Every structure is written in C-alpha cells, then in structure tokens.
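my_file.csv follows; it contains CSV, C-alpha atoms.
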```
chain,number,residue,atom,x,y,z
A,12,MET,CA,86.5,54.2,-14.3
A,13,VAL,CA,90.2,54.1,-13.4
A,14,ARG,CA,89.4,52.2,-10.2
A,15,LEU,CA,87.3,49.6,-12.1
A,16,VAL,CA,90.0,49.0,-14.7
A,17,ALA,CA,92.7,48.6,-12.1
A,18,LEU,CA,90.5,46.3,-10.1
A,19,ALA,CA,89.8,44.1,-13.1
A,20,ALA,CA,93.5,43.9,-13.9
A,21,ALA,CA,94.3,42.9,-10.3
A,22,LEU,CA,91.7,40.2,-10.4
A,23,LEU,CA,93.3,38.6,-13.4
A,24,LEU,CA,96.7,38.8,-11.8
A,25,ILE,CA,95.6,37.1,-8.6
A,26,ALA,CA,93.5,34.4,-10.1
A,27,SER,CA,96.4,32.0,-10.7
A,28,ALA,CA,97.7,32.6,-7.1
A,29,LEU,CA,94.3,31.7,-5.7
A,30,ALA,CA,94.1,28.5,-7.8
A,31,ALA,CA,97.5,27.5,-6.5
A,32,HIS,CA,96.7,28.1,-2.9
A,33,SER,CA,93.1,26.9,-2.5
A,34,HIS,CA,93.4,23.3,-1.3
A,35,GLY,CA,90.2,21.9,0.2
A,36,ARG,CA,90.4,22.7,3.9
A,37,ASP,CA,92.6,25.7,3.5
A,38,LEU,CA,91.3,29.0,4.7
A,39,VAL,CA,92.3,31.7,2.1
A,40,VAL,CA,92.5,35.3,3.2
A,41,SER,CA,93.0,38.4,1.0
A,42,GLY,CA,92.7,42.2,1.3
A,43,SER,CA,94.6,45.0,2.9
A,44,THR,CA,98.3,45.2,2.3
A,45,GLY,CA,98.6,47.5,5.4
A,46,ALA,CA,97.3,44.7,7.6
A,47,LEU,CA,99.5,42.1,5.8
A,48,PRO,CA,102.0,41.7,8.6
A,49,ALA,CA,99.3,40.9,11.1
A,50,ALA,CA,97.4,38.7,8.6
A,51,GLU,CA,100.5,36.6,7.9
A,52,GLU,CA,101.5,36.3,11.6
A,53,ALA,CA,98.0,35.2,12.5
A,54,ALA,CA,98.1,32.7,9.6
A,55,ARG,CA,101.3,31.1,10.9
A,56,ALA,CA,99.8,30.8,14.4
A,57,VAL,CA,96.6,29.2,13.2
A,58,SER,CA,98.3,27.0,10.7
A,59,SER,CA,100.6,25.7,13.4
A,60,ARG,CA,97.5,24.4,15.2
A,61,GLY,CA,96.5,22.3,12.2
A,62,GLN,CA,94.3,24.7,10.3
A,63,PRO,CA,96.1,25.7,7.1
A,64,VAL,CA,95.7,29.4,6.3
A,65,THR,CA,96.9,31.1,3.1
A,66,VAL,CA,97.2,34.9,2.8
A,67,VAL,CA,97.0,36.3,-0.7
A,68,ALA,CA,97.6,40.1,-0.7
A,69,GLY,CA,96.0,42.4,-3.2
A,70,GLY,CA,94.3,45.4,-1.4
A,71,SER,CA,91.0,46.0,0.3
A,72,LEU,CA,88.8,46.4,-2.8
A,73,LEU,CA,90.2,43.3,-4.4
A,74,GLY,CA,89.7,41.3,-1.2
A,75,LEU,CA,86.1,42.4,-0.9
A,76,THR,CA,85.4,41.5,-4.5
A,77,LEU,CA,87.0,38.0,-4.0
A,78,VAL,CA,84.8,37.4,-0.9
A,79,GLU,CA,81.7,38.4,-2.8
A,80,ARG,CA,82.7,36.0,-5.6
A,81,GLY,CA,83.3,33.2,-3.1
A,82,ASP,CA,87.0,32.9,-4.1
A,83,VAL,CA,88.3,33.5,-0.5
A,84,GLY,CA,86.8,33.1,2.9
A,85,ILE,CA,87.8,36.4,4.5
A,86,ALA,CA,88.9,39.8,3.4
A,87,LEU,CA,90.7,42.3,5.6
A,88,SER,CA,89.8,45.8,4.5
A,89,GLU,CA,90.2,49.5,5.4
A,90,VAL,CA,86.9,50.0,3.5
A,91,ARG,CA,83.6,49.2,5.3
A,92,PRO,CA,82.1,46.1,3.7
A,93,ARG,CA,78.5,46.5,2.4
A,94,PRO,CA,75.7,43.9,2.5
A,95,PRO,CA,75.3,41.1,1.8
A,96,LEU,CA,78.8,40.8,3.3
A,97,HIS,CA,79.1,40.6,7.0
A,98,ALA,CA,81.7,42.8,8.8
A,99,VAL,CA,83.4,43.0,12.1
A,100,VAL,CA,86.0,45.6,13.2
A,101,LEU,CA,89.2,43.9,14.2
A,102,GLY,CA,91.2,46.9,15.3
A,103,GLN,CA,93.0,49.9,13.9
A,104,LEU,CA,96.1,50.7,12.0
A,105,PRO,CA,98.2,53.9,12.4
A,106,VAL,CA,99.0,55.9,9.2
A,107,ALA,CA,102.3,57.6,9.4
A,108,VAL,CA,103.0,60.9,7.7
A,109,VAL,CA,106.4,60.7,6.1
A,110,ALA,CA,108.4,63.5,4.5
A,111,HIS,CA,111.8,64.0,2.8
A,112,ARG,CA,114.5,64.4,5.4
A,113,ASP,CA,115.5,67.8,4.0
A,114,ILE,CA,112.2,69.2,5.3
A,115,GLY,CA,113.0,68.4,8.9
A,116,PRO,CA,110.3,68.1,11.6
A,117,VAL,CA,107.4,70.5,10.9
A,118,PRO,CA,104.5,70.4,13.4
A,119,LEU,CA,101.4,69.3,11.6
A,120,THR,CA,97.8,69.2,12.5
A,121,LEU,CA,94.9,67.3,11.0
A,122,GLY,CA,93.9,70.6,9.5
A,123,ASP,CA,97.3,70.8,7.8
A,124,LEU,CA,96.8,67.3,6.4
A,125,ARG,CA,93.4,68.3,5.0
A,126,ALA,CA,95.0,71.2,3.3
A,127,ILE,CA,97.8,69.0,1.8
A,128,VAL,CA,95.4,66.4,0.5
A,129,SER,CA,93.0,68.9,-0.9
A,130,GLY,CA,95.8,70.8,-2.7
A,131,ALA,CA,95.4,74.0,-0.7
A,132,VAL,CA,99.0,73.8,0.4
A,133,THR,CA,101.7,73.8,-2.3
A,134,CYS,CA,104.8,75.0,-0.3
A,135,TRP,CA,106.2,74.0,3.1
A,136,CYS,CA,106.5,77.7,3.9
A,137,GLN,CA,102.7,77.7,4.2
A,138,LEU,CA,103.0,75.3,7.1
A,139,GLY,CA,105.9,77.1,8.9
A,140,GLY,CA,108.7,75.1,7.1
A,141,ARG,CA,111.2,76.0,4.4
A,142,SER,CA,110.5,77.7,1.2
A,143,LEU,CA,110.3,74.3,-0.7
A,144,ARG,CA,107.7,73.1,-3.1
A,145,LEU,CA,105.5,70.4,-1.6
A,146,THR,CA,105.1,67.2,-3.7
A,147,PHE,CA,102.4,64.8,-2.4
A,148,PHE,CA,102.6,61.1,-2.9
A,149,PHE,CA,99.2,59.2,-2.5
A,150,ARG,CA,98.0,55.7,-3.1
A,151,THR,CA,96.1,54.8,-6.3
A,152,PRO,CA,92.2,54.9,-6.5
A,153,VAL,CA,92.0,51.2,-5.8
A,154,SER,CA,93.8,51.5,-2.4
A,155,GLY,CA,91.7,51.0,0.7
A,156,VAL,CA,93.9,53.3,2.7
A,157,ARG,CA,93.4,56.1,0.2
A,158,ILE,CA,89.6,55.7,0.4
A,159,ALA,CA,89.8,55.6,4.3
A,160,LEU,CA,92.0,58.7,4.5
A,161,LEU,CA,89.8,60.7,2.1
A,162,GLN,CA,86.8,59.9,4.2
A,163,LEU,CA,88.7,60.8,7.4
A,164,LEU,CA,90.2,64.0,6.2
A,165,LEU,CA,87.9,65.3,3.5
A,166,GLY,CA,84.6,63.5,3.9
A,167,ASN,CA,85.1,61.7,0.6
A,168,ALA,CA,85.9,64.9,-1.3
A,169,ASP,CA,88.4,64.4,-4.1
A,170,VAL,CA,92.1,64.5,-3.7
A,171,THR,CA,94.3,67.1,-5.3
A,172,ALA,CA,95.0,66.5,-9.0
A,173,ARG,CA,98.6,67.3,-8.2
A,174,SER,CA,99.2,64.2,-6.2
A,175,VAL,CA,101.6,61.5,-7.5
A,176,ASN,CA,100.0,58.1,-7.5
A,177,ALA,CA,101.9,55.3,-5.8
A,178,LEU,CA,101.0,51.6,-6.0
A,179,SER,CA,102.1,50.5,-2.5
A,180,ASN,CA,103.6,51.7,0.8
A,181,GLY,CA,107.0,50.9,-0.6
A,182,ASP,CA,106.4,53.1,-3.6
A,183,VAL,CA,105.3,56.0,-1.3
A,184,LEU,CA,108.5,55.6,0.7
A,185,LEU,CA,110.7,55.4,-2.3
A,186,GLY,CA,109.1,58.5,-3.9
A,187,VAL,CA,109.4,60.5,-0.7
A,188,ARG,CA,113.0,59.5,-0.1
A,189,ARG,CA,114.0,60.5,-3.6
A,190,THR,CA,112.0,63.8,-3.9
A,191,PRO,CA,113.0,66.9,-2.0
A,192,GLY,CA,109.9,68.5,-0.5
A,193,ALA,CA,107.9,65.2,-0.8
A,194,VAL,CA,105.3,64.0,1.7
A,195,GLY,CA,103.1,60.9,1.8
A,196,PHE,CA,101.1,58.5,4.0
A,197,VAL,CA,102.3,55.0,5.0
A,198,GLU,CA,99.9,52.7,6.8
A,199,GLY,CA,101.0,50.3,9.5
A,200,VAL,CA,104.7,51.2,9.4
A,201,LEU,CA,105.8,52.8,12.6
A,202,ARG,CA,109.5,53.3,11.9
A,203,PRO,CA,110.1,53.6,8.1
A,204,GLU,CA,113.7,54.2,7.2
A,205,GLY,CA,115.2,57.1,5.2
A,206,VAL,CA,112.4,59.5,5.8
A,207,GLU,CA,111.2,62.0,8.4
A,208,VAL,CA,108.2,60.8,10.4
A,209,MET,CA,106.0,63.8,11.2
A,210,ALA,CA,104.1,64.3,14.4
A,211,VAL,CA,100.4,65.0,13.9
A,212,ASP,CA,98.7,67.1,16.6
A,213,GLY,CA,101.9,66.6,18.6
A,214,LEU,CA,101.8,62.8,18.5
A,215,TYR,CA,103.6,60.1,16.7
A,216,PRO,CA,102.1,56.8,15.3
A,217,ALA,CA,103.2,54.7,18.2
A,218,GLU,CA,101.8,57.0,20.9
A,219,ARG,CA,98.4,56.7,22.5
A,220,GLY,CA,95.9,59.1,21.1
A,221,TYR,CA,97.6,59.5,17.7
A,222,PRO,CA,94.8,60.9,15.5
A,223,LEU,CA,95.5,59.3,12.2
A,224,MET,CA,94.1,55.8,12.8
A,225,ILE,CA,92.0,53.8,10.3
A,226,PRO,CA,89.8,50.8,11.2
A,227,ILE,CA,90.5,47.3,9.8
A,228,TYR,CA,87.4,45.3,9.0
A,229,ALA,CA,87.0,41.6,8.4
A,230,ALA,CA,84.5,40.8,5.7
A,231,TYR,CA,82.9,37.3,5.2
A,232,ARG,CA,79.8,35.6,3.8
A,233,GLY,CA,77.3,33.7,5.8
A,234,ARG,CA,78.2,32.5,9.3
A,235,LEU,CA,81.7,32.3,10.6
A,236,SER,CA,83.2,28.8,10.6
A,237,PRO,CA,85.3,27.8,13.7
A,238,ALA,CA,88.4,28.1,11.5
A,239,GLN,CA,87.4,31.6,10.4
A,240,GLY,CA,86.6,32.6,14.0
A,241,ALA,CA,90.0,31.4,15.3
A,242,TYR,CA,91.8,33.2,12.6
A,243,LEU,CA,90.0,36.5,13.2
A,244,ALA,CA,90.7,36.2,16.9
A,245,ALA,CA,94.4,35.8,16.1
A,246,VAL,CA,94.4,38.9,13.9
A,247,ARG,CA,92.5,41.0,16.5
A,248,ARG,CA,95.2,40.2,19.1
A,249,LEU,CA,97.8,41.7,16.8
A,250,LEU,CA,96.0,45.0,16.0
A,251,ARG,CA,95.6,48.0,18.2
```
With the file now loaded, output its structure as structure tokens.
Amino acid sequence: MVRLVALAAALLLIASALAAHSHGRDLVVSGSTGALPAAEEAARAVSSRGQPVTVVAGGSLLGLTLVERGDVGIALSEVRPRPPLHAVVLGQLPVAVVAHRDIGPVPLTLGDLRAIVSGAVTCWCQLGGRSLRLTFFFRTPVSGVRIALLQLLLGNADVTARSVNALSNGDVLLGVRRTPGAVGFVEGVLRPEGVEVMAVDGLYPAERGYPLMIPIYAAYRGRLSPAQGAYLAAVRRLLR
C-alpha cells in the first residue's frame, strides 16, 4: 500500500514535466535514478545527431508505469519489466556499500550484508568492528534498487523494520555522513565523498568481479523504432 501511494504521488508530480518535454519527434525516457548519468549522457549524444531525447527521472517503478501508459517511449529500470512490455538488459550498475567514517574499513561479505539488511546485525562488533550501534539507511519501497537488492540478498524477503528510509542516493549519503555507526547502499556512485566505501568479499565497486551488481533493463512497448534503438545502443556503451 505504501508503495502504491508513493507511486501515485510521483505520477502526479511528473505529469507536468512530461507535458513540457513531449514535443512530437522527441524521444522521452524515464526510470532509474541510478542510471541517470548514463541516460543523460546518451541523450546528449543522440540529440547531437538530430534526434531530440529528453530524460525525465523518477525511479524504476514510475518509469515502467509511464511506459505502460504510453507517456514515455523507454524506461530504464533495475526491476525486470513484465509482459506486455518488452525488455532488454543494457548492462549492470555497481552498488557501493557506504558507512560513516568513524567505523573505518571493516571487511564485509555478502553474508554480512544479508545479516545487515535482515536486521540480524545491530552492532558493528558483530562484524569484527567497533562496539557501535549499526544504523541502516535504505531506499523507500518505490525504489528499484531496493527491490533489486532485496531480491539479490534476501530472495525478496522483507527488509529489517529498523531501517531508515531514504528517498534518493543523496539522502542515503547525507544520512550516513551525519550518523555515527550508519551504513547504506548507493548505486552507480563509485567514489562518494565524506563516507567510507566498504569492500565486499575483498573487492571494491570499480574492481572486476565486484559481487554487488544489479542489472539495468530497458522497457518499451511494441517494436523498437530506429531512434529508440540508437538511444539504447548509446546507453549500453556507457554501462558495464
């Protein structure tokens, strides 16, 4: 219910932006905020060749809803699109684990992350760190990265009730910077400032084999137009 209410509110907020940017030949793209840098760079490249592309951010679930309604041509999503939408995997985004700097580097495994997300760990001392209460910042229920991470780590089981909801990557970073003992996930940001980026299974987000990667899907209706195909090819080149 919380997810549906938040999604409805987001649809109302973005309607005016879509009305302002949908101009005849323009290709309008929405969806994942984590993929936004790649989406915007690809839009600039394709627009420079004479095909106007407008990117309207809003999150994966919103993007998928807008494609289903026919309001946008393409949605970029961390959530796998369902029929009747068509889907193609464009690449992957790393998800960095960030912690308050007072914690220092603590070796983490995927199993440790499962314990954090499930609520089994409440103190850094349980993970070999300081005796410091663990505060977990996580994206809201309408976030595609939250859904993707829950599937990856918990098989869609519920997140701990003790998590602090954050609306965006920026909110996660702000909360982690300000809160001793805090930890959170930030997608697509390899060098966030003011926080400790934690290794997972001995690897960092920029390294080959990093285990915390989520797929980015492109969702669309019907057959791809030449403009849509050119845009998706440009996005694919920018993702890992």
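Taking CA of Gly213 (chain A) and CA of Gly192 (chain A) as the two end points, the separation is 20.8 Å.
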Using all atoms listed in the file, I'd like a table of the residues in region 44-115 of chain A that come within 8 Å of region 141-160 of chain A; for each, show the closest atom pair and its distance in Å rounded to one decimal, ordered by chain and ascending number, as a Markdown table.
```
| residue | atom | partner | partner_atom | distance |
| --- | --- | --- | --- | --- |
| A:Gly45 | CA | A:Val156 | CA | 7.9 |
| A:Gly70 | CA | A:Ser154 | CA | 6.2 |
| A:Ser71 | CA | A:Gly155 | CA | 5.1 |
| A:Leu72 | CA | A:Gly155 | CA | 6.5 |
| A:Ser88 | CA | A:Gly155 | CA | 6.7 |
| A:Glu89 | CA | A:Gly155 | CA | 5.2 |
| A:Val90 | CA | A:Gly155 | CA | 5.6 |
| A:Ile114 | CA | A:Arg141 | CA | 6.9 |
```
*Give as a PyMOL selection string each residue that has an atom at most 10 Å from (79.1, 38.0, 1.6) in the file, counting only C-alpha atoms.*
chain A and resi 75-81+84-85+92-98+230-234
*Go through A:Thr65, A:Leu249, A:Asp82, A:Trp135 one by one, measure the shortest atom-to-atom distance of each to His111 (chain A) using only C-alpha atoms, and give the residue with the smallest value.*
A:Trp135
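Checking A:Val109, A:Gly139, A:Leu184, A:Val194 one by one against Ile127 (chain A), counting all atoms listed in the file, you find the shortest gap at A:Val194.
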*Length of the CA of Met209 (chain A) to CA of Pro118 (chain A) vector [Å]*: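 Computing it gives 7.1 Å between the two atoms.
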*Kindly provide, as JSON, numbers by chain, the polymer residues lying within 12 Å of (97.4, 30.0, 11.2), counting all atoms listed in the file and using the coordinates exactly as they appear in the file.*
{"A": [37, 38, 39, 40, 49, 50, 51, 52, 53, 54, 55, 56, 57, 58, 59, 60, 61, 62, 63, 64, 65, 66, 238, 239, 240, 241, 242, 243, 244, 245, 246]}
*asked:* Counting all atoms listed in the file, which residue out of A:Gly115, A:Gly205, A:Gly74, A:Gly199 sits closest to Ala217 (chain A)?
replied: A:Gly199
_Using Å and a single decimal, report how far CA of Ala86 (chain A) sits from CA of Val175 (chain A)._
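These atoms are spaced 27.4 Å apart.
The shortest atom-to-atom distance to Leu164 (chain A), with all atoms listed in the file taken into account, belongs to A:Ala126 out of A:Ala126, A:Leu101, A:Val206, A:Leu250.
Distance check against Leu223 (chain A) using all atoms listed in the file: of A:Ala46, A:Val183, A:Leu119, A:Ala110, the minimum falls on A:Leu119.
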